[in-house]
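With mmCIF, C-alpha atoms and all ligand atoms inside, this is input28.cif:
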data_model
#
loop_
_atom_site.label_atom_id
_atom_site.label_comp_id
_atom_site.auth_asym_id
_atom_site.auth_seq_id
_atom_site.Cartn_x
_atom_site.Cartn_y
_atom_site.Cartn_z
CA MET A 215 26.57 4.12 -3.50
CA THR A 216 29.15 6.90 -3.52
CA SER A 217 27.72 8.72 -6.54
CA LEU A 218 24.09 9.41 -7.36
CA PRO A 219 22.13 6.71 -9.22
CA ARG A 220 21.43 7.23 -12.93
CA LEU A 221 18.30 5.12 -12.60
CA VAL A 222 16.03 4.42 -9.64
CA ALA A 223 13.92 1.24 -9.82
CA PHE A 224 10.95 0.42 -7.61
CA ASP A 225 8.82 -2.52 -6.72
CA LEU A 226 5.11 -1.52 -6.92
CA ASP A 227 2.96 -3.21 -4.24
CA ASP A 228 3.79 -2.05 -0.71
CA THR A 229 6.71 0.00 -2.05
CA LEU A 230 5.02 2.75 -4.12
CA ALA A 231 1.43 2.04 -3.08
CA ALA A 232 -0.54 -0.17 -0.72
CA SER A 233 -1.17 -3.59 -2.24
CA LYS A 234 -3.41 -3.35 -5.36
CA SER A 235 -4.23 0.28 -4.49
CA PRO A 236 -3.69 3.61 -6.27
CA LEU A 237 -0.71 5.79 -5.38
CA ASP A 238 -1.28 8.20 -2.54
CA PRO A 239 -1.26 11.82 -3.86
CA ARG A 240 1.92 12.48 -1.83
CA MET A 241 3.71 9.63 -3.57
CA ALA A 242 2.31 10.58 -6.98
CA ALA A 243 3.75 14.10 -6.62
CA LEU A 244 7.12 12.67 -5.59
CA MET A 245 7.18 10.34 -8.62
CA VAL A 246 6.48 13.24 -10.98
CA ARG A 247 9.30 15.20 -9.38
CA LEU A 248 11.65 12.22 -9.50
CA LEU A 249 10.93 11.77 -13.23
CA GLY A 250 12.13 15.32 -13.72
CA ALA A 251 15.55 14.34 -12.38
CA VAL A 252 16.38 10.75 -13.30
CA GLU A 253 15.40 7.58 -15.21
CA VAL A 254 12.84 5.57 -13.26
CA CYS A 255 11.75 1.94 -13.55
CA VAL A 256 8.84 0.18 -11.89
CA ILE A 257 9.09 -3.61 -11.88
CA SER A 258 6.44 -5.94 -10.48
CA GLY A 259 4.98 -9.40 -10.86
CA GLY A 260 1.70 -7.68 -11.77
CA GLN A 261 0.28 -6.95 -15.20
CA ILE A 262 0.30 -3.67 -17.13
CA ALA A 263 -3.34 -3.00 -16.14
CA GLN A 264 -2.22 -2.80 -12.55
CA PHE A 265 0.52 -0.31 -13.46
CA HIS A 266 -2.13 1.90 -15.06
CA MET A 267 -4.57 1.68 -12.15
CA GLN A 268 -2.01 2.06 -9.37
CA LEU A 269 0.62 4.30 -10.95
CA ILE A 270 0.09 5.92 -14.37
CA ASP A 271 -3.51 7.06 -13.93
CA ASN A 272 -2.53 8.93 -10.77
CA LEU A 273 0.38 10.96 -12.14
CA ASP A 274 -1.07 14.44 -12.62
CA ASP A 275 0.56 17.26 -14.59
CA VAL A 276 3.32 15.05 -15.88
CA SER A 277 4.98 16.00 -19.17
CA ASP A 278 5.66 13.64 -22.07
CA GLU A 279 9.32 14.39 -21.53
CA ALA A 280 9.14 13.16 -17.93
CA LEU A 281 7.16 10.07 -18.98
CA SER A 282 9.85 9.27 -21.55
CA ARG A 283 12.09 8.52 -18.55
CA LEU A 284 9.70 5.97 -17.08
CA HIS A 285 10.37 2.28 -17.77
CA LEU A 286 7.54 -0.14 -16.97
CA MET A 287 8.34 -3.80 -16.40
CA PRO A 288 5.20 -5.85 -15.67
CA THR A 289 5.51 -9.57 -14.88
CA CYS A 290 9.11 -9.19 -13.71
CA GLY A 291 10.38 -7.65 -16.93
CA THR A 292 9.08 -10.31 -19.30
CA GLN A 293 7.11 -7.36 -20.67
CA TYR A 294 8.44 -3.87 -21.25
CA TYR A 295 6.55 -0.62 -21.92
CA ARG A 296 7.72 2.89 -22.79
CA HIS A 297 5.82 6.12 -23.36
CA ILE A 298 6.32 6.95 -27.02
CA GLU A 299 4.62 9.78 -28.94
CA GLY A 300 2.03 10.25 -26.24
CA ALA A 301 1.07 6.61 -25.73
CA TRP A 302 2.19 3.66 -23.64
CA THR A 303 3.72 1.20 -26.06
CA GLN A 304 4.69 -2.41 -25.52
CA ILE A 305 8.28 -2.85 -26.65
CA TYR A 306 8.32 -6.61 -26.14
CA ALA A 307 6.53 -9.46 -24.36
CA GLU A 308 7.99 -12.89 -23.78
CA LEU A 309 4.99 -15.20 -23.58
CA LEU A 310 4.62 -18.75 -22.31
CA THR A 311 3.57 -21.28 -24.95
CA ASP A 312 0.02 -22.67 -24.84
CA ALA A 313 1.39 -26.03 -23.68
CA GLU A 314 3.38 -24.39 -20.87
CA LYS A 315 0.30 -22.46 -19.76
CA ALA A 316 -1.97 -25.52 -19.79
CA GLY A 317 0.56 -27.53 -17.78
CA ALA A 318 1.01 -24.76 -15.23
CA LEU A 319 -2.74 -24.13 -14.80
CA SER A 320 -3.58 -27.79 -14.25
CA ALA A 321 -0.62 -28.43 -11.90
CA VAL A 322 -1.35 -25.50 -9.61
CA GLU A 323 -5.08 -26.21 -9.42
CA ALA A 324 -4.59 -29.94 -8.73
CA THR A 325 -1.99 -29.21 -6.04
CA ALA A 326 -4.09 -26.53 -4.34
CA ARG A 327 -7.07 -28.89 -4.24
CA GLU A 328 -4.97 -31.72 -2.79
CA LEU A 329 -3.59 -29.47 -0.05
CA GLY A 330 -7.05 -28.10 0.77
CA TYR A 331 -6.11 -24.58 -0.37
CA TRP A 332 -8.66 -24.30 -3.22
CA GLU A 333 -11.19 -21.87 -1.76
CA GLY A 334 -14.82 -21.85 -2.94
CA ASP A 335 -15.58 -18.28 -1.94
CA THR A 336 -13.13 -15.80 -3.48
CA TRP A 337 -12.77 -12.22 -4.68
CA GLY A 338 -12.43 -12.91 -8.40
CA PRO A 339 -10.71 -15.77 -10.21
CA ILE A 340 -8.00 -17.77 -8.44
CA LEU A 341 -6.04 -18.45 -11.61
CA GLU A 342 -4.90 -15.80 -14.04
CA ASP A 343 -3.12 -16.05 -17.37
CA ARG A 344 -0.79 -13.05 -17.53
CA GLY A 345 0.73 -14.07 -20.84
CA SER A 346 4.28 -14.54 -19.64
CA GLN A 347 3.17 -15.76 -16.22
CA ILE A 348 0.45 -17.88 -14.63
CA THR A 349 -0.62 -16.55 -11.25
CA PHE A 350 -2.45 -18.35 -8.46
CA SER A 351 -4.12 -16.03 -5.93
CA ALA A 352 -5.59 -18.11 -3.10
CA LEU A 353 -8.52 -15.76 -2.43
CA GLY A 354 -8.81 -14.23 -5.91
CA GLN A 355 -7.15 -11.22 -7.50
CA ALA A 356 -9.27 -8.64 -5.68
CA ALA A 357 -9.15 -10.07 -2.16
CA PRO A 358 -8.87 -7.50 0.63
CA VAL A 359 -5.58 -7.31 2.50
CA ALA A 360 -7.14 -8.34 5.84
CA ALA A 361 -8.60 -11.53 4.34
CA LYS A 362 -5.26 -12.41 2.74
CA THR A 363 -3.38 -11.88 5.99
CA ALA A 364 -5.92 -14.03 7.87
CA TRP A 365 -5.67 -16.82 5.31
CA ASP A 366 -1.93 -17.33 5.55
CA HIS A 367 -0.37 -15.13 8.20
CA SER A 368 2.93 -17.03 8.37
CA GLY A 369 3.27 -17.71 4.65
CA GLU A 370 3.29 -21.45 5.43
CA LYS A 371 0.47 -22.36 3.02
CA LYS A 372 1.94 -20.36 0.17
CA ASN A 373 5.38 -21.89 0.66
CA ALA A 374 3.97 -25.44 0.85
CA LEU A 375 2.01 -24.86 -2.35
CA ARG A 376 5.00 -23.34 -4.10
CA GLU A 377 7.21 -26.32 -3.27
CA ALA A 378 4.62 -28.93 -4.29
CA VAL A 379 3.83 -27.19 -7.59
CA GLN A 380 7.53 -26.77 -8.36
CA ALA A 381 8.03 -30.53 -7.92
CA ARG A 382 5.31 -31.08 -10.55
CA LEU A 383 6.69 -28.53 -13.01
CA PRO A 384 10.44 -29.12 -13.25
CA GLU A 385 10.61 -27.30 -16.60
CA LEU A 386 9.11 -24.10 -15.23
CA GLU A 387 9.84 -21.90 -12.23
CA VAL A 388 7.37 -21.52 -9.37
CA ARG A 389 7.84 -18.52 -7.13
CA SER A 390 6.28 -16.84 -4.21
CA GLY A 391 4.44 -13.72 -5.42
CA GLY A 392 2.32 -11.41 -3.24
CA SER A 393 1.02 -12.37 0.20
CA THR A 394 -1.19 -15.26 -0.99
CA SER A 395 0.00 -15.68 -4.55
CA VAL A 396 2.27 -18.02 -6.45
CA ASP A 397 3.70 -17.10 -9.87
CA ILE A 398 4.72 -19.59 -12.54
CA THR A 399 7.09 -18.47 -15.29
CA ARG A 400 9.88 -19.80 -17.45
CA ARG A 401 12.95 -20.70 -15.43
CA GLY A 402 15.14 -17.84 -14.30
CA ILE A 403 12.42 -15.16 -14.52
CA ASP A 404 12.47 -12.96 -11.43
CA LYS A 405 13.13 -9.29 -10.75
CA ALA A 406 16.87 -9.88 -11.24
CA TYR A 407 16.07 -11.08 -14.76
CA GLY A 408 14.10 -7.89 -15.39
CA MET A 409 16.84 -5.66 -13.97
CA LYS A 410 19.45 -7.28 -16.23
CA LYS A 411 17.19 -6.70 -19.23
CA LEU A 412 16.74 -3.11 -18.12
CA ALA A 413 20.52 -2.58 -18.02
CA THR A 414 20.78 -3.88 -21.58
CA LEU A 415 17.83 -1.83 -22.82
CA THR A 416 18.86 1.46 -21.23
CA GLY A 417 22.65 1.23 -21.28
CA VAL A 418 22.62 2.12 -17.57
CA SER A 419 24.79 -0.43 -15.79
CA LEU A 420 23.56 -2.29 -12.70
CA ASP A 421 26.04 -0.49 -10.44
CA GLU A 422 24.57 2.86 -11.54
CA MET A 423 21.10 1.80 -10.41
CA LEU A 424 19.32 1.95 -7.09
CA PHE A 425 16.45 -0.41 -6.25
CA VAL A 426 13.75 0.22 -3.64
CA GLY A 427 11.55 -2.66 -2.44
CA ASP A 428 9.58 -3.98 0.52
CA ARG A 429 10.51 -7.64 0.16
CA LEU A 430 14.30 -7.73 0.13
CA ASP A 431 14.28 -10.45 2.80
CA GLU A 432 15.43 -13.91 1.76
CA ASN A 433 11.91 -15.19 1.00
CA GLY A 434 10.84 -11.98 -0.69
CA ASN A 435 10.20 -11.36 -4.38
CA ASP A 436 12.64 -8.40 -4.36
CA TYR A 437 15.50 -10.48 -2.95
CA PRO A 438 16.91 -11.57 -6.36
CA VAL A 439 17.74 -7.92 -7.11
CA LYS A 440 19.83 -7.72 -3.95
CA VAL A 441 21.61 -10.98 -4.83
CA LEU A 442 22.38 -9.49 -8.24
CA GLY A 443 24.45 -6.85 -6.47
CA VAL A 444 22.28 -3.81 -7.24
CA GLU A 445 22.36 -1.19 -4.49
CA CYS A 446 19.10 -1.68 -2.58
CA PHE A 447 17.04 0.33 -0.13
CA ALA A 448 14.55 -1.66 1.95
CA VAL A 449 11.21 -0.14 2.93
CA GLY A 450 8.34 -1.32 5.12
CA GLY A 451 5.68 0.41 3.02
CA TRP A 452 5.09 3.34 0.66
CA GLU A 453 5.42 5.90 3.47
CA ASP A 454 9.05 4.83 3.96
CA THR A 455 9.62 5.21 0.21
CA ALA A 456 8.11 8.70 0.28
CA ALA A 457 10.36 9.74 3.17
CA PHE A 458 13.38 8.33 1.32
CA LEU A 459 12.48 10.20 -1.90
CA GLU A 460 12.07 13.46 -0.02
CA ILE A 461 15.79 13.17 0.80
CA LEU A 462 16.98 11.65 -2.49
CA ILE A 463 15.17 13.95 -4.95
CA PRO A 464 16.82 17.21 -3.80
CA ARG A 465 20.23 15.50 -4.06
CA LEU A 466 19.42 14.33 -7.60
CA GLU A 467 18.10 17.78 -8.57
CA ALA A 468 21.25 19.41 -7.21
CA GLY A 469 23.42 16.84 -9.01
CA ALA A 470 21.59 17.35 -12.29
CA VAL A 471 22.32 21.09 -12.38
MG MG A 501 6.16 -5.52 -2.91
#
Translate the structure described by the file into C-alpha cells.
Amino acid sequence: MTSLPRLVAFDLDDTLAASKSPLDPRMAALMVRLLGAVEVCVISGGQIAQFHMQLIDNLDDVSDEALSRLHLMPTCGTQYYRHIEGAWTQIYAELLTDAEKAGALSAVEATARELGYWEGDTWGPILEDRGSQITFSALGQAAPVAAKTAWDHSGEKKNALREAVQARLPELEVRSGGSTSVDITRRGIDKAYGMKKLATLTGVSLDEMLFVGDRLDENGNDYPVKVLGVECFAVGGWEDTAAFLEILIPRLEAGAV
C-alpha cells in the first residue's frame, strides 16, 4: 500500500486478543488510539457477545465519536453493528432459515458421531445456533486452548469433519472455523463476503483497506480476504498486532493532520 489505509480491519481471535479472551490493556489502549485516527472494522466468525466480552467491554475512556468509527461484523459479516446514539445497534442480520438450521445441526452431529469425534465430556455445548451460522466446537465453546490443541494438533480431525459434512450439505457451505470448530453458513459466506459488504456500507473501497489476521495461510479463515485482493498483514498473535499498530498509528495520526 503506497498511501495510508482509510480503514483498518482486524480478525479477533489470536489477532486482537488470545482466543476467547479479553483484550490485553496494551492492545485496548492501541485500539482506542487507532479509532481516533481511522475507521476500524473487526470481523470474526464469532457472535456479538464475544465482541462485547473480548473487545468493547475493555475499551476504556473511549468517546462516542471514536466508537462511531468502529464497524463490528460478527459471523463473518452476516451481521453488522454500529454505535449509534450511545448504544450498539444491529444494522442487519442475515439469518439461516429454520429448515437450513435443522439440516445443518443434524448433519454435523451425525457426521461427528460416525467419525468418533462427538465427545462426551466438553466445556459447554458442542453445537451452537448463531442465527446466521451453525457452529460445531469439538470440545464445547469454552474449552481451554491447551485441550483444543491436544485434541487436534494437526487439524486433521477438523478437516475430515468439514469435508464429510460438506458432502452431506451441498446447499450450504461448511468451513473451518477456530482450532477445533467448523462453521456452517449459506454458500459464499466468509470474511471476503463480509469485507465486500463493508466496502458497500462504508463507501471505502477494498483497495483503501488494510486487513490484519493470524490465519492468512491457505487453510485459514482469514485467507479469503487475501484472495479478494485486500492488502493484508499477517500476525502470529496479538503481540505482533500491537507492535504493528505502534508503527502504523503515528503514521495515520501524522497523515490525518
Ligand atoms: Mg484468528
**Request:** Kindly compile the residues surrounding ligand MG 501 (chain A) within 9 Å, counting only C-alpha atoms and all ligand atoms, and format them as an NGL selection string.
**Result:** :A and (224-233 or 258-259 or 391-392 or 427-430 or 434-436 or 451)
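Here the residues that fall within 12 Å of (2.7, -26.0, -22.0), using all atoms listed in the file, are given as Leu309, Leu310, Thr311, Asp312, Ala313, Glu314, Lys315, Ala316, Gly317, Ala318, Leu319, Ser320, Ala321, Ser346, Gln347, Ile348, Leu383, Glu385, Leu386, Ile398, Thr399 and Arg400 of chain A.
Distances here use all atoms listed in the file; by that measure, the residue among A:Thr349, A:Thr416, A:Ser282, A:Thr292 closest to Ser395 of chain A is A:Thr349.
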Residues within 8 Å of (20.1, 8.1, -13.1), counting all atoms listed in the file, listed as a PDB file with C-alpha atoms, keeping the file's coordinate frame:
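Below is the file point.pdb, written as the result:
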ATOM      1  CA  LEU A 218      24.090   9.410  -7.360  1.00  0.00           C
ATOM      2  CA  PRO A 219      22.130   6.710  -9.220  1.00  0.00           C
ATOM      3  CA  ARG A 220      21.430   7.230 -12.930  1.00  0.00           C
ATOM      4  CA  LEU A 221      18.300   5.120 -12.600  1.00  0.00           C
ATOM      5  CA  VAL A 222      16.030   4.420  -9.640  1.00  0.00           C
ATOM      6  CA  ALA A 251      15.550  14.340 -12.380  1.00  0.00           C
ATOM      7  CA  VAL A 252      16.380  10.750 -13.300  1.00  0.00           C
ATOM      8  CA  GLU A 253      15.400   7.580 -15.210  1.00  0.00           C
ATOM      9  CA  VAL A 254      12.840   5.570 -13.260  1.00  0.00           C
ATOM     10  CA  VAL A 418      22.620   2.120 -17.570  1.00  0.00           C
ATOM     11  CA  GLU A 422      24.570   2.860 -11.540  1.00  0.00           C
ATOM     12  CA  MET A 423      21.100   1.800 -10.410  1.00  0.00           C
TER      13      MET A 423
END
**Close residues, segment 293-308 of chain A itself excluded, 9 Å, all atoms listed in the file, min 6 positions apart in chain, as a list in words** =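 The neighbour list is Gln261, Ile262, Asp278, Leu281, Ser282, Arg283, Leu284, His285, Leu286, Met287, Gly345, Ser346, Gly408 and Leu412 of chain A.
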**Given all atoms listed in the file as the counted atoms, nearest of A:Met409, A:Val322, A:Val449, A:Ala352 to Arg376 of chain A** = A:Val322
**Message:** If I take atom CA of Lys405 of chain A and atom CA of Leu249 of chain A, how far is one from the other in Å, to one decimal?
**Reply:**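 Spanning atom CA of Lys405 of chain A to atom CA of Leu249 of chain A is a straight-line distance of 21.3 Å.
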**Atom-to-atom span, atom CA of Arg240 of chain A and atom CA of Glu453 of chain A, Å** =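 If I compute the distance from atom CA of Arg240 of chain A to atom CA of Glu453 of chain A, I get 9.1 Å.
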**Request:** Grab the atom CA of Ala456 of chain A to atom CA of Ser235 of chain A distance for me, in Å with one decimal place.
**Result:**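 Computing the Euclidean distance for atom CA of Ala456 of chain A and atom CA of Ser235 of chain A yields 15.7 Å.
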**Item:** Top pick for closest residue to Leu459 of chain A, considering A:Ala357, A:Val426, A:Ile340, A:Val439 and counting all atoms listed in the file
**Value:**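 So, comparing all the options, the nearest one is A:Val426.
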**Prompt:** Counting all atoms listed in the file, which of A:Ala378, A:Val276, A:Ala356, A:Ala242 gets nearest to Thr336 of chain A?
**Reply:**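 Under the stated criterion, the closest residue is A:Ala356.
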**Request:** Between A:Ala223, A:Ser277, A:Leu237, A:Glu432, single out the one closest to Trp452 of chain A, counting all atoms listed in the file.
**Result:**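 Checking each of A:Ala223, A:Ser277, A:Leu237, A:Glu432 against Trp452 of chain A, counting all atoms listed in the file, the winner is A:Leu237.
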**Message:** List as a count of residues only the protein and nucleic acid residues near Pro239 of chain A, meaning an atom at most 10 Å away when only C-alpha atoms are counted, but skip any in the same chain fewer than 6 places from it.
**Reply:** 4
**Among the residues A:Tyr437, A:Trp337, A:Phe350, A:Phe425, the one that comes closest to Ile257 of chain A [using all atoms listed in the file]** =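 Selected residue with least distance to Ile257 of chain A: A:Phe425.
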Any chance you could model N, CA and C atoms for segment 358-372 of chain A and send them as a PDB file, in the coordinates of the input?
ATOM      1  N   PRO A 358      -9.359  -8.559  -0.253  1.00  0.00           N
ATOM      2  CA  PRO A 358      -8.870  -7.500   0.630  1.00  0.00           C
ATOM      3  C   PRO A 358      -7.663  -7.971   1.461  1.00  0.00           C
ATOM      4  N   VAL A 359      -6.829  -7.003   1.803  1.00  0.00           N
ATOM      5  CA  VAL A 359      -5.580  -7.310   2.500  1.00  0.00           C
ATOM      6  C   VAL A 359      -5.842  -8.098   3.789  1.00  0.00           C
ATOM      7  N   ALA A 360      -6.875  -7.697   4.558  1.00  0.00           N
ATOM      8  CA  ALA A 360      -7.140  -8.340   5.840  1.00  0.00           C
ATOM      9  C   ALA A 360      -7.472  -9.833   5.648  1.00  0.00           C
ATOM     10  N   ALA A 361      -8.241 -10.133   4.602  1.00  0.00           N
ATOM     11  CA  ALA A 361      -8.600 -11.530   4.340  1.00  0.00           C
ATOM     12  C   ALA A 361      -7.361 -12.337   3.954  1.00  0.00           C
ATOM     13  N   LYS A 362      -6.475 -11.721   3.170  1.00  0.00           N
ATOM     14  CA  LYS A 362      -5.260 -12.410   2.740  1.00  0.00           C
ATOM     15  C   LYS A 362      -4.355 -12.702   3.935  1.00  0.00           C
ATOM     16  N   THR A 363      -4.222 -11.712   4.803  1.00  0.00           N
ATOM     17  CA  THR A 363      -3.380 -11.880   5.990  1.00  0.00           C
ATOM     18  C   THR A 363      -3.951 -12.998   6.866  1.00  0.00           C
ATOM     19  N   ALA A 364      -5.279 -13.012   7.025  1.00  0.00           N
ATOM     20  CA  ALA A 364      -5.920 -14.030   7.870  1.00  0.00           C
ATOM     21  C   ALA A 364      -5.756 -15.425   7.275  1.00  0.00           C
ATOM     22  N   TRP A 365      -5.742 -15.509   5.958  1.00  0.00           N
ATOM     23  CA  TRP A 365      -5.670 -16.820   5.310  1.00  0.00           C
ATOM     24  C   TRP A 365      -4.314 -17.499   5.528  1.00  0.00           C
ATOM     25  N   ASP A 366      -3.266 -16.716   5.495  1.00  0.00           N
ATOM     26  CA  ASP A 366      -1.930 -17.330   5.550  1.00  0.00           C
ATOM     27  C   ASP A 366      -0.941 -16.371   6.212  1.00  0.00           C
ATOM     28  N   HIS A 367      -1.167 -16.138   7.493  1.00  0.00           N
ATOM     29  CA  HIS A 367      -0.370 -15.130   8.200  1.00  0.00           C
ATOM     30  C   HIS A 367       1.130 -15.413   8.132  1.00  0.00           C
ATOM     31  N   SER A 368       1.510 -16.676   8.300  1.00  0.00           N
ATOM     32  CA  SER A 368       2.930 -17.030   8.370  1.00  0.00           C
ATOM     33  C   SER A 368       3.567 -17.274   7.003  1.00  0.00           C
ATOM     34  N   GLY A 369       2.739 -17.384   5.969  1.00  0.00           N
ATOM     35  CA  GLY A 369       3.270 -17.710   4.650  1.00  0.00           C
ATOM     36  C   GLY A 369       3.474 -19.214   4.451  1.00  0.00           C
ATOM     37  N   GLU A 370       3.072 -19.992   5.451  1.00  0.00           N
ATOM     38  CA  GLU A 370       3.290 -21.450   5.430  1.00  0.00           C
ATOM     39  C   GLU A 370       2.554 -22.132   4.278  1.00  0.00           C
ATOM     40  N   LYS A 371       1.271 -21.739   4.092  1.00  0.00           N
ATOM     41  CA  LYS A 371       0.470 -22.360   3.020  1.00  0.00           C
ATOM     42  C   LYS A 371       1.069 -22.057   1.656  1.00  0.00           C
ATOM     43  N   LYS A 372       1.400 -20.782   1.461  1.00  0.00           N
ATOM     44  CA  LYS A 372       1.940 -20.360   0.170  1.00  0.00           C
ATOM     45  C   LYS A 372       3.241 -21.099  -0.132  1.00  0.00           C
TER      46      LYS A 372
END
